[in-house]
file final_0.txt (compact mmCIF, C-alpha atoms and all ligand atoms)
# COMPACT_ATOMS: atom_id res chain seq x y z
CA MET D 1 118.67 93.80 79.29
CA GLY D 2 119.27 93.01 82.92
CA MET D 3 117.17 90.15 84.24
CA GLN D 4 115.03 90.96 87.30
CA ALA D 5 114.66 88.02 89.68
CA VAL D 6 110.95 87.52 90.32
CA PHE D 7 109.30 86.22 93.47
CA ASP D 8 105.73 85.64 92.34
CA GLY D 9 102.59 85.70 94.45
CA HIS D 10 100.56 82.83 92.99
CA ASN D 11 100.90 79.68 90.90
CA ASP D 12 99.10 76.34 90.57
CA VAL D 13 102.07 74.16 89.62
CA LEU D 14 101.24 71.76 92.48
CA LEU D 15 97.78 71.20 91.02
CA ARG D 16 99.26 70.36 87.60
CA LEU D 17 101.87 68.01 89.10
CA TRP D 18 99.16 66.33 91.23
CA GLN D 19 96.87 65.85 88.23
CA HIS D 20 99.73 64.32 86.21
CA ALA D 21 100.84 62.19 89.17
CA ARG D 22 97.36 60.64 89.21
CA GLY D 23 98.04 59.64 85.60
CA GLY D 24 101.31 57.99 86.64
CA ALA D 25 103.84 60.80 86.16
CA ASP D 26 106.61 61.43 88.71
CA PRO D 27 106.23 65.04 89.94
CA VAL D 28 109.94 65.38 90.76
CA VAL D 29 110.93 64.24 87.26
CA GLU D 30 108.28 66.45 85.63
CA PHE D 31 109.48 69.52 87.55
CA LEU D 32 113.21 68.88 87.07
CA GLU D 33 113.27 67.59 83.50
CA GLY D 34 110.49 69.83 82.24
CA THR D 35 107.45 69.31 80.07
CA ASP D 36 105.62 71.08 77.28
CA LYS D 37 102.53 71.15 79.53
CA GLY D 38 101.47 74.11 81.62
CA HIS D 39 103.69 76.99 82.63
CA ILE D 40 106.27 76.16 85.33
CA ASP D 41 109.13 73.70 85.64
CA ALA D 42 112.69 74.20 86.85
CA GLY D 43 114.13 75.00 83.42
CA ARG D 44 111.43 77.41 82.28
CA ALA D 45 111.43 79.15 85.67
CA LYS D 46 115.19 79.70 85.48
CA ALA D 47 114.98 80.91 81.85
CA GLY D 48 112.35 83.50 82.81
CA GLY D 49 113.98 84.63 86.03
CA LEU D 50 111.10 83.15 88.04
CA SER D 51 113.12 82.56 91.20
CA GLY D 52 110.29 81.52 93.48
CA GLY D 53 106.73 82.07 94.53
CA LEU D 54 103.69 81.11 96.50
CA CYS D 55 102.62 77.63 95.42
CA ALA D 56 98.98 76.85 96.04
CA ILE D 57 97.43 73.80 97.62
CA TYR D 58 94.15 74.05 95.75
CA VAL D 59 91.40 71.42 95.82
CA PRO D 60 89.76 71.62 92.39
CA SER D 61 86.03 72.01 91.74
CA GLY D 62 85.69 69.51 88.89
CA ASP D 63 85.67 71.17 85.48
CA LEU D 64 84.59 74.74 86.08
CA VAL D 65 84.29 76.21 82.57
CA LEU D 66 83.66 79.91 82.03
CA LYS D 67 80.13 80.59 80.77
CA THR D 68 80.07 81.66 77.12
CA PRO D 69 79.53 85.43 76.96
CA ASP D 70 76.18 86.70 75.68
CA GLU D 71 75.81 89.15 72.76
CA ASN D 72 76.94 91.99 75.04
CA GLY D 73 80.07 90.10 76.15
CA HIS D 74 78.60 89.55 79.61
CA TYR D 75 78.91 86.29 81.52
CA ALA D 76 78.21 84.93 85.00
CA THR D 77 79.56 81.45 85.66
CA PRO D 78 77.52 79.77 88.42
CA MET D 79 79.36 79.37 91.70
CA ALA D 80 81.08 76.00 92.19
CA ALA D 81 79.41 73.73 94.75
CA PRO D 82 80.80 73.66 98.30
CA LEU D 83 83.30 70.86 99.08
CA ASP D 84 83.25 68.48 102.04
CA HIS D 85 86.03 68.68 104.61
CA LEU D 86 87.45 65.14 104.61
CA PRO D 87 87.83 64.56 100.86
CA SER D 88 89.35 68.07 100.64
CA LEU D 89 91.79 67.20 103.41
CA ALA D 90 92.83 64.02 101.57
CA THR D 91 93.52 65.95 98.34
CA ALA D 92 95.31 68.78 100.13
CA MET D 93 97.58 66.24 101.84
CA GLU D 94 98.51 64.80 98.44
CA LEU D 95 99.43 68.25 97.08
CA ALA D 96 101.45 69.05 100.22
CA ASP D 97 103.15 65.69 99.84
CA ILE D 98 104.33 66.66 96.34
CA ALA D 99 105.68 69.97 97.68
CA ILE D 100 107.69 68.10 100.33
CA LYS D 101 108.92 65.47 97.85
CA LEU D 102 110.22 68.25 95.57
CA ASP D 103 112.01 69.78 98.56
CA ARG D 104 113.58 66.47 99.65
CA ALA D 105 114.76 65.81 96.09
CA GLY D 106 116.32 69.27 95.85
CA ALA D 107 114.03 70.14 92.91
CA TRP D 108 112.95 73.24 94.80
CA ARG D 109 113.30 74.56 98.33
CA LEU D 110 110.29 74.86 100.61
CA CYS D 111 110.93 78.16 102.40
CA ARG D 112 109.62 79.27 105.79
CA SER D 113 111.43 82.60 106.19
CA VAL D 114 112.55 85.51 104.03
CA GLY D 115 116.14 84.45 104.75
CA GLU D 116 115.43 80.99 103.31
CA ILE D 117 113.82 82.56 100.23
CA ARG D 118 116.84 84.81 99.63
CA ALA D 119 119.26 81.90 100.17
CA ALA D 120 117.43 79.71 97.63
CA MET D 121 117.27 82.57 95.12
CA ALA D 122 121.00 83.19 95.55
CA VAL D 123 121.84 79.63 94.47
CA GLU D 124 119.14 79.61 91.75
CA VAL D 125 116.97 76.94 93.33
CA PHE D 126 113.24 77.72 93.04
CA ALA D 127 112.08 79.23 96.37
CA ALA D 128 108.63 77.75 97.03
CA VAL D 129 106.34 79.01 99.79
CA LEU D 130 103.36 76.81 100.58
CA HIS D 131 99.97 78.55 100.23
CA MET D 132 96.43 77.18 100.60
CA GLU D 133 93.79 78.57 98.24
CA GLY D 134 90.46 77.91 99.94
CA CYS D 135 90.60 76.23 103.35
CA GLU D 136 88.05 73.41 103.05
CA ALA D 137 90.89 71.06 104.13
CA ILE D 138 91.41 72.88 107.45
CA GLY D 139 87.98 72.14 108.96
CA PRO D 140 85.73 74.47 110.99
CA ASP D 141 87.53 73.74 114.29
CA LEU D 142 90.90 74.55 112.59
CA ALA D 143 92.04 71.01 113.50
CA ALA D 144 94.40 70.67 110.52
CA LEU D 145 95.89 74.18 110.66
CA GLU D 146 98.85 73.42 112.94
CA THR D 147 99.73 70.32 110.92
CA PHE D 148 99.82 72.24 107.64
CA HIS D 149 101.79 75.03 109.35
CA ALA D 150 104.30 72.44 110.55
CA ALA D 151 104.51 71.14 106.96
CA GLY D 152 105.46 74.64 105.78
CA LEU D 153 102.14 76.42 105.14
CA ARG D 154 102.86 80.16 105.43
CA SER D 155 99.98 81.74 103.48
CA LEU D 156 96.30 81.01 102.96
CA GLY D 157 93.16 82.40 101.41
CA PRO D 158 90.14 81.45 103.55
CA VAL D 159 88.02 80.92 100.42
CA TRP D 160 88.42 80.23 96.73
CA SER D 161 85.53 81.26 94.42
CA ARG D 162 83.05 79.12 96.32
CA HIS D 163 81.39 79.15 99.74
CA ASN D 164 82.84 77.28 102.70
CA VAL D 165 82.65 77.22 106.50
CA PHE D 166 84.94 80.29 106.73
CA GLY D 167 83.27 82.63 104.26
CA HIS D 168 82.15 83.36 100.73
CA GLY D 169 83.97 83.70 97.42
CA VAL D 170 83.16 85.78 94.35
CA PRO D 171 81.97 84.13 91.12
CA PHE D 172 83.71 84.45 87.73
CA ALA D 173 81.48 87.11 86.23
CA TYR D 174 81.65 90.17 83.95
CA PRO D 175 80.71 92.82 84.56
CA MET D 176 80.14 92.41 88.29
CA SER D 177 81.04 94.10 91.56
CA PRO D 178 83.00 92.03 94.12
CA ASP D 179 80.20 92.83 96.60
CA THR D 180 78.40 89.55 95.87
CA GLY D 181 77.44 88.27 99.30
CA PRO D 182 78.26 87.85 102.98
CA GLY D 183 81.74 87.99 104.51
CA LEU D 184 83.47 85.84 107.12
CA THR D 185 81.63 83.38 109.35
CA GLU D 186 82.51 83.05 113.05
CA ALA D 187 84.91 80.24 112.06
CA GLY D 188 86.37 82.61 109.45
CA PHE D 189 87.12 85.26 112.09
CA GLU D 190 88.74 82.51 114.22
CA LEU D 191 90.86 81.45 111.25
CA VAL D 192 92.10 85.03 110.74
CA ARG D 193 93.02 85.35 114.43
CA ALA D 194 94.82 81.98 114.33
CA CYS D 195 96.82 83.07 111.26
CA ASN D 196 97.85 86.25 113.06
CA ARG D 197 99.07 84.17 116.01
CA LEU D 198 100.90 81.55 113.93
CA GLY D 199 102.35 83.95 111.39
CA ILE D 200 100.48 82.79 108.29
CA LEU D 201 99.77 85.44 105.65
CA ILE D 202 96.06 85.95 104.90
CA ASP D 203 95.34 86.31 101.18
CA LEU D 204 92.30 88.32 100.05
CA ALA D 205 92.11 87.04 96.47
CA HIS D 206 88.74 85.36 95.67
CA ILE D 207 86.90 86.64 98.79
CA THR D 208 83.75 88.79 98.65
CA GLU D 209 84.10 92.52 99.30
CA GLN D 210 82.37 92.05 102.68
CA GLY D 211 84.87 89.30 103.50
CA PHE D 212 87.69 91.68 102.56
CA TRP D 213 86.42 94.27 105.06
CA ASP D 214 85.90 91.60 107.74
CA VAL D 215 89.54 90.51 107.38
CA ALA D 216 90.69 94.15 107.28
CA LYS D 217 89.07 94.98 110.64
CA THR D 218 90.40 91.80 112.29
CA THR D 219 93.93 91.20 111.06
CA ASP D 220 97.14 92.80 112.28
CA GLN D 221 98.86 92.08 108.94
CA PRO D 222 99.24 94.24 105.83
CA LEU D 223 96.30 93.59 103.46
CA VAL D 224 97.36 91.39 100.54
CA ALA D 225 95.56 90.24 97.39
CA SER D 226 98.06 87.82 95.87
CA HIS D 227 96.60 87.60 92.34
CA SER D 228 94.04 90.31 91.55
CA ASN D 229 93.84 93.38 89.30
CA ALA D 230 92.05 96.74 89.10
CA HIS D 231 88.25 96.63 88.84
CA ALA D 232 88.26 100.12 87.33
CA LEU D 233 90.00 98.72 84.23
CA THR D 234 88.47 95.22 84.09
CA PRO D 235 85.19 95.01 86.01
CA VAL D 236 85.18 91.30 86.86
CA ALA D 237 84.09 90.32 90.38
CA ARG D 238 87.62 88.97 91.08
CA ASN D 239 89.23 92.42 90.68
CA LEU D 240 89.61 95.08 93.40
CA THR D 241 87.62 98.30 93.68
CA ASP D 242 89.34 101.62 94.30
CA ARG D 243 88.11 101.56 97.93
CA GLN D 244 89.75 98.17 98.43
CA LEU D 245 92.97 99.43 96.81
CA ASP D 246 92.96 102.45 99.14
CA ALA D 247 92.67 100.16 102.19
CA ILE D 248 95.56 98.01 100.90
CA ARG D 249 97.69 101.14 100.50
CA GLU D 250 96.87 102.36 104.02
CA SER D 251 97.96 98.99 105.46
CA ARG D 252 101.15 98.96 103.32
CA GLY D 253 100.06 95.66 101.87
CA LEU D 254 100.20 94.68 98.22
CA VAL D 255 98.39 93.57 95.09
CA GLY D 256 100.01 90.92 92.86
CA LEU D 257 99.26 91.40 89.15
CA ASN D 258 97.27 88.43 87.85
CA TYR D 259 98.20 87.44 84.26
CA ALA D 260 94.78 85.83 83.62
CA THR D 261 93.44 87.43 80.45
CA THR D 262 89.92 87.55 81.94
CA MET D 263 91.27 89.88 84.62
CA LEU D 264 93.47 92.02 82.33
CA ARG D 265 91.35 92.76 79.26
CA PRO D 266 88.84 95.61 79.31
CA ASP D 267 86.24 93.14 77.95
CA GLY D 268 86.97 90.45 80.57
CA GLN D 269 87.28 87.71 77.92
CA GLU D 270 89.40 84.56 78.05
CA ASN D 271 91.63 85.21 75.03
CA ALA D 272 95.35 84.46 74.80
CA SER D 273 95.92 87.19 72.22
CA THR D 274 95.82 89.72 75.09
CA LEU D 275 98.63 92.27 74.81
CA LEU D 276 101.49 93.10 77.17
CA SER D 277 100.12 96.64 77.08
CA ASP D 278 97.03 95.41 78.95
CA MET D 279 99.33 94.13 81.71
CA VAL D 280 101.26 97.40 81.81
CA ARG D 281 98.01 99.38 82.02
CA HIS D 282 97.00 97.49 85.18
CA VAL D 283 100.45 97.94 86.72
CA ASP D 284 100.34 101.67 85.93
CA TYR D 285 96.90 101.99 87.49
CA LEU D 286 97.89 100.03 90.60
CA VAL D 287 101.12 102.03 91.03
CA GLU D 288 99.18 105.28 90.62
CA ARG D 289 96.65 104.23 93.26
CA LEU D 290 98.88 102.29 95.69
CA GLY D 291 102.40 103.56 95.17
CA VAL D 292 105.25 101.42 93.91
CA ASP D 293 105.80 99.86 97.37
CA CYS D 294 102.46 98.05 97.24
CA VAL D 295 102.43 96.53 93.74
CA ALA D 296 103.87 93.12 92.91
CA LEU D 297 103.31 90.11 90.65
CA GLY D 298 100.90 87.19 91.07
CA SER D 299 101.02 85.41 87.71
CA ASP D 300 98.53 82.55 88.24
CA PHE D 301 100.92 80.39 86.14
CA ASP D 302 99.42 76.91 85.70
CA GLY D 303 96.06 78.27 86.86
CA ALA D 304 94.80 80.51 84.06
CA THR D 305 94.84 81.39 80.37
CA ILE D 306 97.61 84.00 80.13
CA PRO D 307 98.78 86.28 77.27
CA GLU D 308 100.47 84.28 74.48
CA GLU D 309 103.35 86.78 74.43
CA ILE D 310 104.28 85.52 77.91
CA ALA D 311 103.25 81.90 77.10
CA ASP D 312 104.86 80.35 80.19
CA ALA D 313 107.36 81.03 82.98
CA ALA D 314 110.19 81.31 80.42
CA GLY D 315 108.46 84.43 79.02
CA ASN D 316 108.22 86.21 82.35
CA GLN D 317 110.95 88.75 81.57
CA LYS D 318 108.90 90.01 78.59
CA LEU D 319 106.64 91.69 81.13
CA VAL D 320 109.69 93.12 82.91
CA ALA D 321 110.96 94.46 79.56
CA ALA D 322 107.56 95.99 78.79
CA LEU D 323 107.59 97.71 82.19
CA MET D 324 111.11 99.04 81.50
CA ASP D 325 109.90 100.39 78.15
CA ALA D 326 107.02 102.04 80.04
CA GLY D 327 109.54 103.92 82.17
CA TYR D 328 110.03 101.82 85.29
CA GLY D 329 113.61 101.97 86.61
CA ASP D 330 115.69 99.23 88.21
CA ALA D 331 114.83 100.19 91.80
CA GLU D 332 111.08 100.24 91.05
CA LEU D 333 111.27 96.95 89.17
CA ALA D 334 113.15 95.30 92.06
CA LYS D 335 110.24 96.26 94.35
CA ILE D 336 107.54 95.09 91.95
CA CYS D 337 109.36 91.88 91.01
CA ARG D 338 110.31 90.65 94.49
CA GLU D 339 111.09 93.10 97.31
CA ASN D 340 107.49 94.08 98.06
CA TRP D 341 106.53 90.41 98.43
CA LEU D 342 109.49 89.74 100.72
CA ARG D 343 108.60 92.75 102.88
CA VAL D 344 104.95 91.76 103.48
CA LEU D 345 105.82 88.08 103.99
CA GLY D 346 108.39 89.06 106.61
CA GLN D 347 105.78 91.19 108.38
CA ALA D 348 103.11 88.49 108.32
CA TRP D 349 105.68 85.97 109.58
CA HIS D 350 106.67 88.19 112.54
CA GLU D 351 110.22 88.68 111.30
CA PRO D 352 112.17 91.78 112.40
CA ALA D 353 112.18 94.40 109.61
ZN ZN G 1 93.12 81.90 92.23

call {"tool": "encode", "arguments": {"input": "final_0.txt", "output": "structure tokens", "more": "lines below"}}
Ligand SMILES: [Zn+2]
result
Amino acid sequence: MGMQAVFDGHNDVLLRLWQHARGGADPVVEFLEGTDKGHIDAGRAKAGGLSGGLCAIYVPSGDLVLKTPDENGHYATPMAAPLDHLPSLATAMELADIAIKLDRAGAWRLCRSVGEIRAAMAVEVFAAVLHMEGCEAIGPDLAALETFHAAGLRSLGPVWSRHNVFGHGVPFAYPMSPDTGPGLTEAGFELVRACNRLGILIDLAHITEQGFWDVAKTTDQPLVASHSNAHALTPVARNLTDRQLDAIRESRGLVGLNYATTMLRPDGQENASTLLSDMVRHVDYLVERLGVDCVALGSDFDGATIPEEIADAAGNQKLVAALMDAGYGDAELAKICRENWLRVLGQAWHEPA
């Protein structure tokens, strides 16, 4: 079986390294020498052909635990409380600091262009692109945006699944429509316009459906949901409706397949015994609706409970093999595994096609 190099749309490895660093671990050592914790380190990424991806600066909301489902399998986890700007900025700086330390140590390469991503992939050094998942750290006047951009930030989601000064996120709930509240605030519209100017990709994962449409009418970028699946198959609020998928197709954007079992299984449950066939079903649906040019991967490694058959980054090619068995050819797999991501990143970053 030929290995397909994967550039992946979402992981939380920085959060894991930050949490362990607070307990005294060295993030560079943990990434380079590996660990049995979590999903991504240099060795497991190489073994699974995970050549790079968008690495999130995410300020955690304490211990958000999914509500236990009721007798019908339904659940609605209450929305996490809003976060204050300054403590969020302090945490975000610490996560960015780890990303830069890994770059300086040669543990990975912090990439700012598609050329830099391809160069890192060619020498089998993990190609990291800095992403911010929820922009509490930026502040309503966007005061910290240029600084994070200068530090390498090239992608951001205005909100995580909580409310902030830029807009509103969707809760973790099943079954539920993503139309759960208002969209962007005035500061949110300003943030979108600033990202268009600076060349920072805007990510639509976690935002309300109204927020999705507000971004869609404002941005000049392709519409991208970095780690979301099809609502028609798994009706959690985090997944995308057919109307949203149609808008993504019209913009020639993309959807990155999220490996979170809650977003793959028809019953929306957190359960690691989820099958590869559930992943393939979502890819098939997305390809049917969007075309193969607009479907990619967004694993959520280190951020979610994923199918035990994948287990961690080392198991990533099992999904590729399952897609081959389902009839996808090399050219289609190259698009899904990396080329679609590199195309939309280049567009958002104002690079010539
Ligand atoms: Zn997420």

call {"tool": "residues_near_ligand", "arguments": {"input": "final_0.txt", "ligand": "ligand ZN 1 (chain G)", "cutoff": "8 Å", "atoms": "all atoms listed in the file", "output": "PyMOL selection string"}}
result
chain D and resi 10+133+160-161+205-206+227+300+303

call {"tool": "closest_residue", "arguments": {"input": "final_0.txt", "among": "D:Ala348, D:Cys111, D:Ile57, D:Ala304", "to": "D:Leu201", "atoms": "all atoms listed in the file"}}
result
D:Ala348

call {"tool": "closest_residue", "arguments": {"input": "final_0.txt", "among": "D:Leu297, D:Leu184, D:Val28, D:Ala150", "to": "D:Arg104", "atoms": "only C-alpha atoms"}}
result
D:Val28

call {"tool": "residues_around", "arguments": {"input": "final_0.txt", "residues": "stretch 314-318 of chain D", "least_positions_apart": "5", "cutoff": "8 Å", "atoms": "all atoms listed in the file", "output": "number ranges by chain"}}
result
D: 3-4, 44-50, 309

call {"tool": "residues_around", "arguments": {"input": "final_0.txt", "residues": "D:Val13", "least_positions_apart": "2", "cutoff": "7 Å", "atoms": "all atoms listed in the file", "output": "ChimeraX atom specification"}}
result
/D:11,15-17,40,55,302

call {"tool": "residues_around", "arguments": {"input": "final_0.txt", "residues": "D:His149", "least_positions_apart": "5", "cutoff": "10 Å", "atoms": "only C-alpha atoms", "output": "short mmCIF file (atom, residue, chain, number, x, y, z; two decimals) with C-alpha atoms, in the frame of the given file"}}
result
data_model
loop_
_atom_site.label_atom_id
_atom_site.label_comp_id
_atom_site.auth_asym_id
_atom_site.auth_seq_id
_atom_site.Cartn_x
_atom_site.Cartn_y
_atom_site.Cartn_z
CA ARG D 112 109.62 79.27 105.79
CA LEU D 130 103.36 76.81 100.58
CA HIS D 131 99.97 78.55 100.23
CA ALA D 144 94.40 70.67 110.52
CA ARG D 154 102.86 80.16 105.43
CA SER D 155 99.98 81.74 103.48
CA CYS D 195 96.82 83.07 111.26
CA LEU D 198 100.90 81.55 113.93
CA GLY D 199 102.35 83.95 111.39
CA ILE D 200 100.48 82.79 108.29
#

call {"tool": "residues_around", "arguments": {"input": "final_0.txt", "residues": "stretch 69-86 of chain D", "least_positions_apart": "2", "cutoff": "9 Å", "atoms": "only C-alpha atoms", "output": "NGL selection string"}}
result
:D and (59 or 61-62 or 64-67 or 88-91 or 135-140 or 161-164 or 169-176 or 267-269)

call {"tool": "closest_residue", "arguments": {"input": "final_0.txt", "among": "D:Ser277, D:Thr305, D:Ser226, D:Asn258", "to": "D:Trp341", "atoms": "only C-alpha atoms"}}
result
D:Ser226

call {"tool": "atom_distance", "arguments": {"input": "final_0.txt", "atom1": "atom CA of D:Leu204", "atom2": "atom CA of D:Val224"}}
result
5.9 Å

call {"tool": "residues_around", "arguments": {"input": "final_0.txt", "residues": "D:Thr274", "least_positions_apart": "2", "cutoff": "8 Å", "atoms": "all atoms listed in the file", "output": "VMD selection string"}}
result
chain D and resid 261 264 to 265 271 to 272 276 278 306 to 308

call {"tool": "closest_residue", "arguments": {"input": "final_0.txt", "among": "D:Ala187, D:Ala105, D:Met279, D:Cys294", "to": "D:Ala321", "atoms": "all atoms listed in the file"}}
result
D:Met279

call {"tool": "closest_residue", "arguments": {"input": "final_0.txt", "among": "D:Ala25, D:Val6, D:Met132, D:Val165", "to": "D:Tyr58", "atoms": "only C-alpha atoms"}}
result
D:Met132

call {"tool": "closest_residue", "arguments": {"input": "final_0.txt", "among": "D:Arg193, D:Arg252, D:Lys101, D:Arg289", "to": "D:Val344", "atoms": "only C-alpha atoms"}}
result
D:Arg252

call {"tool": "atom_distance", "arguments": {"input": "final_0.txt", "atom1": "atom CA of D:Arg338", "atom2": "atom CA of D:Tyr259"}}
result
16.2 Å

call {"tool": "atom_distance", "arguments": {"input": "final_0.txt", "atom1": "atom CA of D:Ala311", "atom2": "atom CA of D:Glu332"}}
result
24.3 Å

call {"tool": "residues_near_point", "arguments": {"input": "final_0.txt", "point": "(108.8, 69.7, 83.5)", "cutoff": "12 Å", "atoms": "all atoms listed in the file", "output": "number ranges by chain"}}
result
D: 13-14, 16-17, 20, 25-45, 107, 312-313

call {"tool": "write_last_selection", "arguments": {"input": "final_0.txt", "atoms": "C-alpha atoms", "output": "CSV table (one decimal), in the coordinates of the input"}}
result
chain,number,residue,atom,x,y,z
D,13,VAL,CA,102.1,74.2,89.6
D,14,LEU,CA,101.2,71.8,92.5
D,16,ARG,CA,99.3,70.4,87.6
D,17,LEU,CA,101.9,68.0,89.1
D,20,HIS,CA,99.7,64.3,86.2
D,25,ALA,CA,103.8,60.8,86.2
D,26,ASP,CA,106.6,61.4,88.7
D,27,PRO,CA,106.2,65.0,89.9
D,28,VAL,CA,109.9,65.4,90.8
D,29,VAL,CA,110.9,64.2,87.3
D,30,GLU,CA,108.3,66.4,85.6
D,31,PHE,CA,109.5,69.5,87.6
D,32,LEU,CA,113.2,68.9,87.1
D,33,GLU,CA,113.3,67.6,83.5
D,34,GLY,CA,110.5,69.8,82.2
D,35,THR,CA,107.4,69.3,80.1
D,36,ASP,CA,105.6,71.1,77.3
D,37,LYS,CA,102.5,71.2,79.5
D,38,GLY,CA,101.5,74.1,81.6
D,39,HIS,CA,103.7,77.0,82.6
D,40,ILE,CA,106.3,76.2,85.3
D,41,ASP,CA,109.1,73.7,85.6
D,42,ALA,CA,112.7,74.2,86.8
D,43,GLY,CA,114.1,75.0,83.4
D,44,ARG,CA,111.4,77.4,82.3
D,45,ALA,CA,111.4,79.2,85.7
D,107,ALA,CA,114.0,70.1,92.9
D,312,ASP,CA,104.9,80.4,80.2
D,313,ALA,CA,107.4,81.0,83.0

call {"tool": "build_atoms", "arguments": {"input": "final_0.txt", "residues": "stretch 120-133 of chain D", "atoms": "N, CA, C and O atoms", "output": "PDB file, keeping the file's coordinate frame"}}
result
ATOM      1  N   ALA D 120     117.759  80.563  98.788  1.00  0.00           N
ATOM      2  CA  ALA D 120     117.430  79.710  97.630  1.00  0.00           C
ATOM      3  C   ALA D 120     117.617  80.487  96.337  1.00  0.00           C
ATOM      4  O   ALA D 120     118.184  79.973  95.359  1.00  0.00           O
ATOM      5  N   MET D 121     117.136  81.746  96.321  1.00  0.00           N
ATOM      6  CA  MET D 121     117.270  82.570  95.120  1.00  0.00           C
ATOM      7  C   MET D 121     118.741  82.772  94.763  1.00  0.00           C
ATOM      8  O   MET D 121     119.117  82.755  93.591  1.00  0.00           O
ATOM      9  N   ALA D 122     119.574  82.919  95.792  1.00  0.00           N
ATOM     10  CA  ALA D 122     121.000  83.190  95.550  1.00  0.00           C
ATOM     11  C   ALA D 122     121.688  82.019  94.852  1.00  0.00           C
ATOM     12  O   ALA D 122     122.623  82.218  94.085  1.00  0.00           O
ATOM     13  N   VAL D 123     121.224  80.795  95.121  1.00  0.00           N
ATOM     14  CA  VAL D 123     121.840  79.630  94.470  1.00  0.00           C
ATOM     15  C   VAL D 123     120.967  79.107  93.318  1.00  0.00           C
ATOM     16  O   VAL D 123     121.179  77.997  92.811  1.00  0.00           O
ATOM     17  N   GLU D 124     119.987  79.922  92.908  1.00  0.00           N
ATOM     18  CA  GLU D 124     119.140  79.610  91.750  1.00  0.00           C
ATOM     19  C   GLU D 124     118.403  78.281  91.881  1.00  0.00           C
ATOM     20  O   GLU D 124     118.296  77.523  90.933  1.00  0.00           O
ATOM     21  N   VAL D 125     117.918  78.035  93.111  1.00  0.00           N
ATOM     22  CA  VAL D 125     116.970  76.940  93.330  1.00  0.00           C
ATOM     23  C   VAL D 125     115.614  77.593  93.594  1.00  0.00           C
ATOM     24  O   VAL D 125     115.528  78.540  94.383  1.00  0.00           O
ATOM     25  N   PHE D 126     114.559  77.107  92.929  1.00  0.00           N
ATOM     26  CA  PHE D 126     113.240  77.720  93.040  1.00  0.00           C
ATOM     27  C   PHE D 126     112.796  77.784  94.504  1.00  0.00           C
ATOM     28  O   PHE D 126     112.746  76.765  95.202  1.00  0.00           O
ATOM     29  N   ALA D 127     112.473  78.991  94.969  1.00  0.00           N
ATOM     30  CA  ALA D 127     112.080  79.230  96.370  1.00  0.00           C
ATOM     31  C   ALA D 127     110.563  79.122  96.475  1.00  0.00           C
ATOM     32  O   ALA D 127     109.847  80.059  96.140  1.00  0.00           O
ATOM     33  N   ALA D 128     110.072  77.982  96.943  1.00  0.00           N
ATOM     34  CA  ALA D 128     108.630  77.750  97.030  1.00  0.00           C
ATOM     35  C   ALA D 128     108.135  78.069  98.439  1.00  0.00           C
ATOM     36  O   ALA D 128     108.750  77.660  99.429  1.00  0.00           O
ATOM     37  N   VAL D 129     107.031  78.797  98.514  1.00  0.00           N
ATOM     38  CA  VAL D 129     106.340  79.010  99.790  1.00  0.00           C
ATOM     39  C   VAL D 129     104.966  78.370  99.658  1.00  0.00           C
ATOM     40  O   VAL D 129     104.249  78.599  98.677  1.00  0.00           O
ATOM     41  N   LEU D 130     104.612  77.565 100.642  1.00  0.00           N
ATOM     42  CA  LEU D 130     103.360  76.810 100.580  1.00  0.00           C
ATOM     43  C   LEU D 130     102.172  77.697 100.966  1.00  0.00           C
ATOM     44  O   LEU D 130     102.169  78.328 102.028  1.00  0.00           O
ATOM     45  N   HIS D 131     101.184  77.737 100.070  1.00  0.00           N
ATOM     46  CA  HIS D 131      99.970  78.550 100.230  1.00  0.00           C
ATOM     47  C   HIS D 131      98.767  77.609 100.119  1.00  0.00           C
ATOM     48  O   HIS D 131      98.850  76.588  99.453  1.00  0.00           O
ATOM     49  N   MET D 132      97.666  77.959 100.769  1.00  0.00           N
ATOM     50  CA  MET D 132      96.430  77.180 100.600  1.00  0.00           C
ATOM     51  C   MET D 132      95.350  78.107 100.061  1.00  0.00           C
ATOM     52  O   MET D 132      95.042  79.143 100.651  1.00  0.00           O
ATOM     53  N   GLU D 133      94.773  77.733  98.926  1.00  0.00           N
ATOM     54  CA  GLU D 133      93.790  78.570  98.240  1.00  0.00           C
ATOM     55  C   GLU D 133      92.396  77.986  98.463  1.00  0.00           C
ATOM     56  O   GLU D 133      91.950  77.115  97.736  1.00  0.00           O
TER      57      GLU D 133
END
